[in-house]
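coords-v8.txt, holding compact mmCIF, C-alpha atoms:
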# COMPACT_ATOMS: atom_id res chain seq x y z
CA MET A 1269 -0.25 51.72 25.11
CA SER A 1270 0.88 49.23 22.48
CA LYS A 1271 -0.20 45.62 22.66
CA ARG A 1272 2.37 43.08 23.86
CA VAL A 1273 3.75 40.95 21.01
CA ARG A 1274 2.73 37.32 21.45
CA ARG A 1275 5.20 34.73 20.30
CA ARG A 1276 5.51 30.99 20.04
CA TYR A 1277 8.68 28.99 20.60
CA LEU A 1278 9.07 25.70 18.78
CA ALA A 1279 11.47 22.92 19.79
CA LEU A 1280 12.59 21.10 16.66
CA LYS A 1281 14.50 17.93 15.91
CA VAL A 1282 16.34 17.80 12.63
CA VAL A 1283 16.80 14.33 11.17
CA CYS A 1284 19.33 14.45 8.35
CA GLU A 1285 21.86 12.05 6.87
CA GLU A 1286 24.65 14.64 7.18
CA PRO A 1287 25.59 17.02 10.00
CA VAL A 1288 23.89 20.40 9.62
CA ASN A 1289 24.25 23.75 11.32
CA GLY A 1290 21.75 26.37 12.46
CA ARG A 1291 22.23 28.45 9.34
CA ASP A 1292 21.38 25.49 7.05
CA VAL A 1293 18.27 24.71 9.08
CA MET A 1294 17.02 28.30 9.07
CA GLY A 1295 17.78 28.58 5.34
CA ALA A 1296 15.63 25.53 4.67
CA ILE A 1297 12.80 26.85 6.86
CA TRP A 1298 12.84 30.27 5.20
CA ASN A 1299 12.82 28.63 1.76
CA ALA A 1300 9.83 26.51 2.73
CA VAL A 1301 7.92 29.52 4.08
CA LEU A 1302 8.71 31.49 0.94
CA GLN A 1303 7.66 28.64 -1.35
CA LEU A 1304 4.36 28.01 0.40
CA PHE A 1305 3.29 31.49 1.52
CA GLY A 1306 5.38 33.93 -0.50
CA GLU A 1307 7.22 37.05 0.66
CA TYR A 1308 4.13 38.58 2.25
CA GLY A 1309 3.53 35.46 4.36
CA ALA A 1310 7.19 35.22 5.30
CA SER A 1311 7.17 38.85 6.43
CA GLN A 1312 4.40 38.04 8.93
CA ALA A 1313 6.12 35.00 10.42
CA SER A 1314 8.80 36.91 12.44
CA LEU A 1315 10.95 33.79 12.32
CA SER A 1316 14.23 33.63 14.18
CA LEU A 1317 16.59 30.96 15.43
CA ILE A 1318 17.02 31.04 19.20
CA GLU A 1319 19.43 28.16 19.61
CA PHE A 1320 20.80 25.14 17.82
CA ASP A 1321 22.44 22.13 19.42
CA PRO A 1322 24.61 20.38 16.77
CA GLN A 1323 25.19 17.36 19.04
CA LYS A 1324 21.51 16.57 19.46
CA ASN A 1325 20.49 18.18 16.15
CA CYS A 1326 17.81 20.09 18.05
CA ALA A 1327 16.81 23.69 17.49
CA VAL A 1328 14.54 26.27 19.07
CA VAL A 1329 12.91 28.80 16.76
CA ARG A 1330 10.61 31.66 17.53
CA CYS A 1331 7.69 32.91 15.47
CA SER A 1332 4.69 35.15 15.79
CA HIS A 1333 1.76 33.34 17.42
CA THR A 1334 -0.52 34.25 14.52
CA ALA A 1335 1.88 32.57 12.09
CA LEU A 1336 2.24 29.33 14.03
CA GLU A 1337 0.16 27.19 11.63
CA MET A 1338 1.98 28.69 8.69
CA VAL A 1339 5.37 27.93 10.20
CA ARG A 1340 4.35 24.38 11.16
CA ALA A 1341 3.10 23.72 7.63
CA SER A 1342 6.37 25.05 6.24
CA LEU A 1343 8.41 22.90 8.65
CA ALA A 1344 6.46 19.83 7.55
CA SER A 1345 7.17 20.62 3.92
CA VAL A 1346 10.96 20.66 4.35
CA THR A 1347 12.23 17.52 2.64
CA GLU A 1348 15.93 18.27 2.18
CA ILE A 1349 18.82 20.32 3.49
CA ASN A 1350 21.97 20.63 1.39
CA GLU A 1351 20.35 18.19 -1.06
CA LYS A 1352 20.18 15.47 1.61
CA PRO A 1353 16.81 14.04 2.67
CA THR A 1354 15.71 15.69 5.89
CA VAL A 1355 12.79 15.71 8.29
CA ILE A 1356 12.14 18.51 10.77
CA GLN A 1357 9.98 17.25 13.61
CA VAL A 1358 8.23 19.57 16.03
CA LEU A 1359 8.91 18.30 19.55
CA GLY A 1360 6.88 20.94 21.32
CA VAL A 1361 5.39 24.41 21.11
CA SER A 1362 5.12 26.90 23.91
CA GLY A 1363 4.59 30.55 24.64
CA THR A 1364 7.72 30.89 26.76
CA LEU A 1365 11.21 29.47 26.49
CA ARG A 1366 11.07 28.27 30.09
CA ALA A 1367 7.90 26.22 29.52
CA LEU A 1368 9.31 24.87 26.28
CA ARG A 1369 12.47 23.65 28.00
CA LYS A 1370 10.40 22.06 30.74
CA LYS A 1371 8.31 20.26 28.10
CA ALA A 1372 11.39 19.14 26.19
CA LEU A 1373 12.95 17.85 29.42
CA LEU A 1374 9.78 15.91 30.24
CA GLN A 1375 9.88 14.35 26.79
CA GLY A 1376 13.50 13.38 27.35
CA MET B 1074 -7.07 10.71 23.73
CA ARG B 1075 -7.37 10.72 19.94
CA ARG B 1076 -6.20 7.66 18.06
CA PHE B 1077 -4.46 8.64 14.84
CA VAL B 1078 -4.52 6.52 11.73
CA ASP B 1079 -2.30 6.33 8.68
CA LEU B 1080 -4.05 4.01 6.27
CA ARG B 1081 -1.51 4.19 3.48
CA LEU B 1082 2.06 3.45 4.42
CA ARG B 1083 3.78 2.10 1.34
CA PRO B 1084 6.99 0.31 2.29
CA SER B 1085 8.19 -2.52 0.10
CA ILE B 1086 6.55 -5.48 1.87
CA ASN B 1087 9.36 -7.76 0.71
CA ASP B 1088 11.84 -5.73 2.77
CA PRO B 1089 11.05 -6.45 6.45
CA ASP B 1090 13.70 -3.96 7.64
CA GLN B 1091 12.04 -1.11 5.77
CA VAL B 1092 8.60 -2.14 6.99
CA GLU B 1093 9.89 -2.34 10.55
CA GLY B 1094 11.59 1.06 10.32
CA MET B 1095 8.51 2.76 8.92
CA VAL B 1096 6.12 1.10 11.36
CA ARG B 1097 8.36 2.03 14.31
CA LYS B 1098 8.57 5.59 13.05
CA ALA B 1099 4.77 5.75 12.67
CA SER B 1100 4.44 4.62 16.26
CA GLU B 1101 6.96 7.29 17.39
CA LEU B 1102 5.04 9.95 15.49
CA GLY B 1103 1.88 9.12 17.41
CA TYR B 1104 -0.11 6.83 15.11
CA GLY B 1105 -2.08 4.02 16.70
CA LEU B 1106 -3.10 2.22 13.54
CA VAL B 1107 -1.47 1.80 10.14
CA GLY B 1108 -2.64 0.32 6.89
CA ILE B 1109 -0.26 -1.19 4.37
CA PRO B 1110 -1.48 -1.85 0.81
CA LEU B 1111 -1.04 -5.51 -0.05
CA PRO B 1112 -1.10 -7.21 -3.45
CA PRO B 1113 -4.23 -9.34 -4.07
CA ASN B 1114 -2.21 -12.56 -4.12
CA VAL B 1115 -0.51 -11.89 -0.75
CA THR B 1116 0.14 -14.99 1.33
CA ARG B 1117 -1.16 -15.56 4.87
CA ASP B 1118 2.48 -15.84 6.09
CA LYS B 1119 3.29 -12.37 4.78
CA VAL B 1120 0.23 -10.88 6.49
CA ASP B 1121 1.18 -12.63 9.74
CA GLN B 1122 4.73 -11.27 9.44
CA LEU B 1123 3.44 -7.70 8.98
CA GLN B 1124 1.04 -8.21 11.86
CA ARG B 1125 3.94 -9.34 14.06
CA ILE B 1126 6.08 -6.34 13.11
CA CYS B 1127 3.22 -3.99 13.95
CA SER B 1128 2.40 -5.63 17.26
CA ASN B 1129 6.10 -5.42 18.24
CA ALA B 1130 5.89 -1.67 17.61
CA LYS B 1131 2.62 -1.58 19.62
CA ILE B 1132 0.59 -0.42 16.68
CA ASP B 1133 -2.58 -1.83 15.16
CA PHE B 1134 -2.38 -3.16 11.58
CA VAL B 1135 -5.04 -3.04 8.89
CA THR B 1136 -4.88 -5.09 5.70
CA ARG B 1137 -5.66 -2.97 2.72
CA GLY B 1138 -6.22 -3.82 -0.92
CA ASP B 1139 -5.64 -1.14 -3.53
CA LEU B 1140 -7.50 -1.88 -6.74
CA THR B 1141 -6.67 -0.16 -10.02
CA PRO B 1142 -9.24 -1.49 -12.47
CA LYS B 1143 -9.39 -0.27 -16.06
CA THR B 1144 -13.12 -0.82 -16.58
CA PRO B 1145 -16.20 -0.88 -14.33
CA GLY B 1146 -16.61 -4.60 -15.12
CA GLU B 1147 -13.07 -5.30 -13.94
CA LEU B 1148 -13.80 -3.36 -10.75
CA LEU B 1149 -16.89 -5.46 -10.00
CA GLN B 1150 -14.94 -8.64 -10.67
CA ASP B 1151 -12.09 -7.50 -8.37
CA LEU B 1152 -14.54 -6.54 -5.63
CA ARG B 1153 -16.20 -9.95 -5.77
CA ARG B 1154 -12.81 -11.66 -5.51
CA PHE B 1155 -11.03 -9.50 -2.96
CA ARG B 1156 -13.57 -7.70 -0.78
CA ARG B 1157 -13.55 -10.29 1.98
CA ARG B 1158 -9.79 -10.74 1.83
CA PHE B 1159 -8.93 -7.22 3.02
CA GLU B 1160 -10.23 -5.05 5.82
CA ILE B 1161 -10.03 -1.94 3.65
CA ILE B 1162 -10.58 -1.64 -0.09
CA SER B 1163 -9.45 1.43 -1.95
CA VAL B 1164 -9.98 2.09 -5.65
CA THR B 1165 -7.58 4.22 -7.65
CA CYS B 1166 -9.88 5.71 -10.27
CA THR B 1167 -8.17 5.85 -13.64
CA SER B 1168 -11.25 6.70 -15.70
CA ARG B 1169 -14.52 8.51 -15.11
CA ARG B 1170 -16.58 5.34 -15.61
CA VAL B 1171 -14.53 3.47 -13.02
CA ALA B 1172 -14.81 6.43 -10.65
CA ARG B 1173 -18.62 6.48 -10.94
CA GLN B 1174 -18.90 2.74 -10.42
CA ALA B 1175 -16.55 2.88 -7.41
CA ALA B 1176 -18.45 5.78 -5.88
CA LYS B 1177 -21.80 4.00 -5.99
CA ASP B 1178 -20.56 0.60 -4.80
CA ARG B 1179 -20.90 0.13 -1.03
CA ARG B 1180 -18.03 -2.36 -1.00
CA VAL B 1181 -15.55 0.41 -1.82
CA ASP B 1182 -14.18 2.23 1.22
CA PHE B 1183 -11.85 4.82 -0.28
CA LEU B 1184 -11.76 6.68 -3.56
CA LEU B 1185 -8.27 7.62 -4.58
CA PHE B 1186 -7.25 9.78 -7.52
CA SER B 1187 -3.96 10.46 -9.26
CA ALA B 1188 -1.96 13.27 -7.68
CA THR B 1189 0.26 13.84 -10.68
CA ASP B 1190 -2.23 13.59 -13.55
CA LEU B 1191 -4.90 16.11 -12.57
CA HIS B 1192 -7.06 15.21 -15.60
CA LYS B 1193 -7.66 11.93 -13.84
CA ARG B 1194 -9.14 13.46 -10.70
CA PHE B 1195 -12.84 12.83 -11.22
CA PHE B 1196 -14.16 13.98 -7.85
CA ASP B 1197 -16.89 16.38 -8.96
CA HIS B 1198 -20.46 17.02 -7.80
CA ALA B 1199 -21.89 13.88 -9.40
CA GLU B 1200 -19.13 11.73 -7.94
CA ALA B 1201 -19.62 13.26 -4.49
CA GLU B 1202 -23.37 12.66 -4.61
CA LEU B 1203 -22.86 8.98 -5.43
CA ALA B 1204 -20.15 8.64 -2.79
CA SER B 1205 -22.28 10.20 -0.08
CA LYS B 1206 -25.08 7.68 -0.75
CA ALA B 1207 -22.71 4.70 -0.78
CA LEU B 1208 -20.79 5.83 2.34
CA SER B 1209 -17.45 5.85 0.55
CA CYS B 1210 -14.74 8.22 1.56
CA LEU B 1211 -12.44 10.51 -0.39
CA GLU B 1212 -8.82 9.74 0.37
CA ILE B 1213 -6.18 12.45 0.13
CA GLU B 1214 -2.55 11.42 -0.04
CA MET B 1215 -0.09 13.85 1.48
CA ALA B 1216 3.19 12.55 0.02
CA PRO B 1217 2.74 14.34 -3.34
CA LEU B 1218 2.34 17.64 -1.49
CA LEU B 1219 5.80 17.11 -0.03
CA SER B 1220 7.51 15.76 -3.12
CA LEU B 1221 6.03 18.11 -5.71
CA SER B 1222 7.09 21.73 -5.98
CA GLY B 1223 6.37 24.84 -7.97
CA PHE B 1224 3.57 24.87 -10.52
CA SER B 1225 2.59 21.21 -10.14
CA ARG B 1226 2.10 21.67 -6.38
CA ILE B 1227 0.09 24.86 -6.94
CA ARG B 1228 -2.24 23.03 -9.36
CA LEU B 1229 -2.62 20.10 -6.97
CA LEU B 1230 -3.44 22.42 -4.06
CA SER B 1231 -6.02 24.25 -6.10
CA ARG B 1232 -7.66 20.97 -7.16
CA LEU B 1233 -7.66 19.70 -3.58
CA GLN B 1234 -9.29 22.95 -2.39
CA ARG B 1235 -12.11 22.37 -4.86
CA GLU B 1236 -12.51 18.69 -3.94
CA VAL B 1237 -12.56 19.34 -0.20
CA ALA B 1238 -15.25 22.00 -0.70
CA ILE B 1239 -17.35 19.55 -2.76
CA ALA B 1240 -16.87 16.78 -0.18
CA LYS B 1241 -18.01 19.13 2.56
CA ARG B 1242 -21.08 20.19 0.58
CA PHE B 1243 -22.18 16.58 0.01
CA ASN B 1244 -21.11 15.29 3.45
CA VAL B 1245 -18.56 12.90 2.01
CA PRO B 1246 -16.02 11.96 4.69
CA VAL B 1247 -12.41 12.73 3.87
CA ALA B 1248 -9.50 10.61 5.02
CA ILE B 1249 -5.95 11.90 5.01
CA SER B 1250 -3.21 9.32 4.55
CA SER B 1251 0.49 9.64 3.96
CA GLY B 1252 1.16 7.41 0.95
CA VAL B 1253 4.87 7.57 1.72
CA THR B 1254 7.43 5.08 0.50
CA ASN B 1255 10.30 6.06 2.80
CA GLU B 1256 10.87 7.30 6.35
CA TYR B 1257 12.05 10.74 5.29
CA LEU B 1258 8.61 11.67 3.98
CA MET B 1259 6.77 10.56 7.12
CA ARG B 1260 5.18 13.32 9.19
CA GLY B 1261 3.17 13.37 12.42
CA PRO B 1262 -0.62 13.75 12.41
CA HIS B 1263 -0.45 17.37 13.58
CA GLU B 1264 1.94 18.18 10.75
CA TYR B 1265 -0.47 16.69 8.21
CA ALA B 1266 -3.31 18.62 9.85
CA VAL B 1267 -1.51 21.95 9.38
CA LEU B 1268 -0.54 20.98 5.83
CA ALA B 1269 -4.25 20.35 5.18
CA THR B 1270 -4.94 24.02 5.90
CA LEU B 1271 -3.19 24.65 2.55
CA PHE B 1272 -6.24 23.18 0.83
CA ASP B 1273 -8.69 25.03 3.06
CA MET B 1274 -9.37 22.21 5.47
CA PRO B 1275 -9.62 23.61 8.98
CA THR B 1276 -7.29 21.92 11.47
CA PRO B 1277 -10.11 20.28 13.54
CA HIS B 1278 -11.57 18.75 10.35
CA ALA B 1279 -8.14 17.58 9.28
CA LEU B 1280 -7.55 15.94 12.65
CA ARG B 1281 -10.88 14.16 12.26
CA ALA B 1282 -9.80 13.04 8.78
CA LEU B 1283 -6.71 11.53 10.40
CA SER B 1284 -8.54 9.76 13.21
CA GLU B 1285 -12.32 9.38 13.66
CA ASP B 1286 -13.40 9.19 10.00
CA PRO B 1287 -11.00 6.45 8.84
CA LEU B 1288 -11.29 4.66 12.19
CA ALA B 1289 -15.06 4.45 11.79
CA ILE B 1290 -14.60 2.72 8.43
CA VAL B 1291 -12.06 0.25 9.84
CA LYS B 1292 -14.36 -0.52 12.77
CA ARG B 1293 -17.38 -0.99 10.48
CA ASN B 1294 -15.48 -3.34 8.17
CA ARG B 1295 -13.99 -5.40 10.99
CA LYS B 1296 -17.49 -5.89 12.35
CA LYS B 1297 -18.71 -6.98 8.91
CA LEU B 1298 -15.79 -9.37 8.41
CA SER B 1299 -16.23 -11.02 11.80
CA PRO B 1300 -17.77 -14.53 11.64
CA ASP B 1301 -20.64 -13.38 13.87
CA TYR B 1302 -21.90 -10.79 11.40
CA VAL B 1303 -25.00 -11.77 9.45
CA ALA B 1304 -26.52 -8.57 8.07
CA PRO B 1305 -26.81 -4.94 9.18
CA GLY B 1306 -28.30 -5.07 12.69
CA ILE B 1307 -28.13 -8.88 12.89
CA ARG B 1308 -25.28 -10.82 14.45
CA VAL B 1309 -24.76 -14.19 16.05
CA VAL B 1310 -24.91 -13.78 19.82
CA ARG B 1311 -24.48 -17.41 20.82
CA ARG B 1312 -23.95 -20.67 18.96
CA LYS B 1313 -25.54 -23.93 19.86
CA THR B 1314 -22.94 -26.26 21.32
CA GLY B 1315 -22.78 -30.01 21.79
CA VAL B 1316 -24.77 -30.97 18.68

Could you write out this file's structure as structure tokens?
Amino acid sequence: MSKRVRRRYLALKVVCEEPVNGRDVMGAIWNAVLQLFGEYGASQASLSLIEFDPQKNCAVVRCSHTALEMVRASLASVTEINEKPTVIQVLGVSGTLRALRKKALLQG
Amino acid sequence: MRRFVDLRLRPSINDPDQVEGMVRKASELGYGLVGIPLPPNVTRDKVDQLQRICSNAKIDFVTRGDLTPKTPGELLQDLRRFRRRFEIISVTCTSRRVARQAAKDRRVDFLLFSATDLHKRFFDHAEAELASKALSCLEIEMAPLLSLSGFSRIRLLSRLQREVAIAKRFNVPVAISSGVTNEYLMRGPHEYAVLATLFDMPTPHALRALSEDPLAIVKRNRKKLSPDYVAPGIRVVRRKTGV
């Protein structure tokens, strides 16, 4: 029997001077992962965008639980999207989407 | 709950809006105490204004003097003049002789080295040995890690890995501070802690470098600067009144 894949869901807030879309955000995250950890590191992250809310500029991304620190470090190192200064803040981390949404709701 | 500290926010102190924005952001990110480097000739009014801004944002404020002496003699002179004016004194070491003098002087709280000119990072075994005896702390600024890229960031990371290993070997406390000049480079304490894993600092150690270690220095200095302090272990408990 194969072992169940453990994942982590991250709720993110994107603070940028200009409106951005999910593709821009993921592009910036992938670039940061590649710059800091290279292709081998990026291959272990299993990063994917679950949802992006352009009104609130909030996103949910998923990654492998073993790569959580790596992804958080990469998120912290993002300084610009489309050449505009940007910050990506981690609002919460959880093992399930349901718990993450609950956390995000509690935080307002 | 842990109280996080950012001892090096660098807004322009002549721009109250920028100071307010950065202090509010620090509070939002979860910091409970911030330090802002002040020029030696800062006025009492300016300090009071910064204090007011910080208390409005419900955050504690530490006055900090950053000295950049060119010679050991200049460092000693600066320390004599400014030590009691600031709660925290940090020395940016521009030469090996200054670095050695700063490391062995108990009045120096933080040793800071250039992040861009790696030839001016003098934190080696000898420096660490002196620093561990004088209870000074190695300060690591995180802003260059965010602003640099490519080869310069690789070289900085490799140097930081070596320095953190030396600090650990000689029991020199490490403090992580942001050193940011604008809001867009500000990150939360947990973000800095995971970034610190890039220079081989385990997350629990990094969190300590963002809270307990710098807080202990602030607490120690506040005690020393209080009017009741006489000498280590001796303080005024009660004053005679009505004489």

Residue among A:Val1283, A:Ala1335, A:Ala1367, A:Ala1296 lying closest to chain B, counting only C-alpha atoms: A:Val1283

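The list of residues with at least one atom within 7 Å of range 1318-1325 of chain A, based on only C-alpha atoms and without residues fewer than 3 positions apart in the same chain, reads Lys1281, Val1282, Asn1289, Gly1290, Val1328, Val1329 and Arg1330 of chain A.
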
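Look at Met1095 in chain B: the protein and nucleic acid residues within 8 Å of it, using only C-alpha atoms and passing over chain neighbours fewer than 6 places away, are B:Leu1082, B:Pro1084, B:Asn1255, B:Glu1256.
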
Nearest residue to Leu1106 in chain B from the set B:Thr1136, B:Gln1174, B:Ser1222, B:Thr1141 (distances using all atoms listed in the file):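 Counting all atoms listed in the file, the residue closest to Leu1106 in chain B is B:Thr1136.
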
Residues of chain B at most 6 Å from chain A: nearest atom pair and distance in Å, only C-alpha atoms, as JSON lines:
{"residue": "B:Leu1219", "atom": "CA", "partner": "A:Ser1345", "partner_atom": "CA", "distance": 5.5}
{"residue": "B:Tyr1257", "atom": "CA", "partner": "A:Val1355", "partner_atom": "CA", "distance": 5.9}
{"residue": "B:Glu1264", "atom": "CA", "partner": "A:Ala1344", "partner_atom": "CA", "distance": 5.8}
{"residue": "B:Val1267", "atom": "CA", "partner": "A:Ala1341", "partner_atom": "CA", "distance": 5.2}
{"residue": "B:Leu1268", "atom": "CA", "partner": "A:Ala1341", "partner_atom": "CA", "distance": 4.9}

List as an MDAnalysis selection string the protein and nucleic acid residues near Leu1280 in chain B, meaning an atom at most 9 Å away when only C-alpha atoms are counted, but skip any in the same chain fewer than 3 places from it. chainID B and resid 1075 1077 1249 1262:1263 1265:1266 1275:1277 1283:1285

Fewer than 5 positions away in the same chain doesn't count, so skip those; otherwise give me all residues within 9 Å of Lys1371 in chain A, counting only C-alpha atoms, as a list of chain:residue names.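 Here the answer would be A:Leu1359, A:Gly1360, A:Val1361, A:Ser1362, A:Arg1366, A:Gly1376.
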
Expressed in Å to a single decimal, how great is the separation between CA of Arg1076 in chain B and CA of Ile1132 in chain B?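 Interatomic distance here is 10.6 Å.
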
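One finds CA of Val1171 in chain B at 14.1 Å from CA of Ser1209 in chain B.
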
Nearest candidate to Ile1349 in chain A (options A:Asn1299, A:Ser1311, A:Asp1292, A:Ala1327; using only C-alpha atoms):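 Once distances to Ile1349 in chain A are computed over only C-alpha atoms, the minimum belongs to A:Asp1292.
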
Taking 6 positions as the minimum chain separation for residues in the same chain, which residues sit within 9 Å of Thr1334 in chain A when counting all atoms listed in the file? Answer as a list of chain:residue names. A:Arg1274, A:Arg1275, A:Arg1276, A:Gln1312, A:Ala1313

Using all atoms listed in the file, find the one residue out of A:Cys1326, A:Ser1316, A:Ala1300, A:Asn1350 that sits nearest to Glu1286 in chain A.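 The shortest atom-to-atom distance to Glu1286 in chain A comes from A:Asn1350.
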
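Distance-wise, CA of Ile1126 in chain B and CA of Gly1094 in chain B end up 9.6 Å apart.
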
Top pick for closest residue to Tyr1104 in chain B, considering B:Arg1179, B:Arg1281, B:His1192, B:Arg1260 and counting only C-alpha atoms: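 So, comparing all the options, the nearest one is B:Arg1260.
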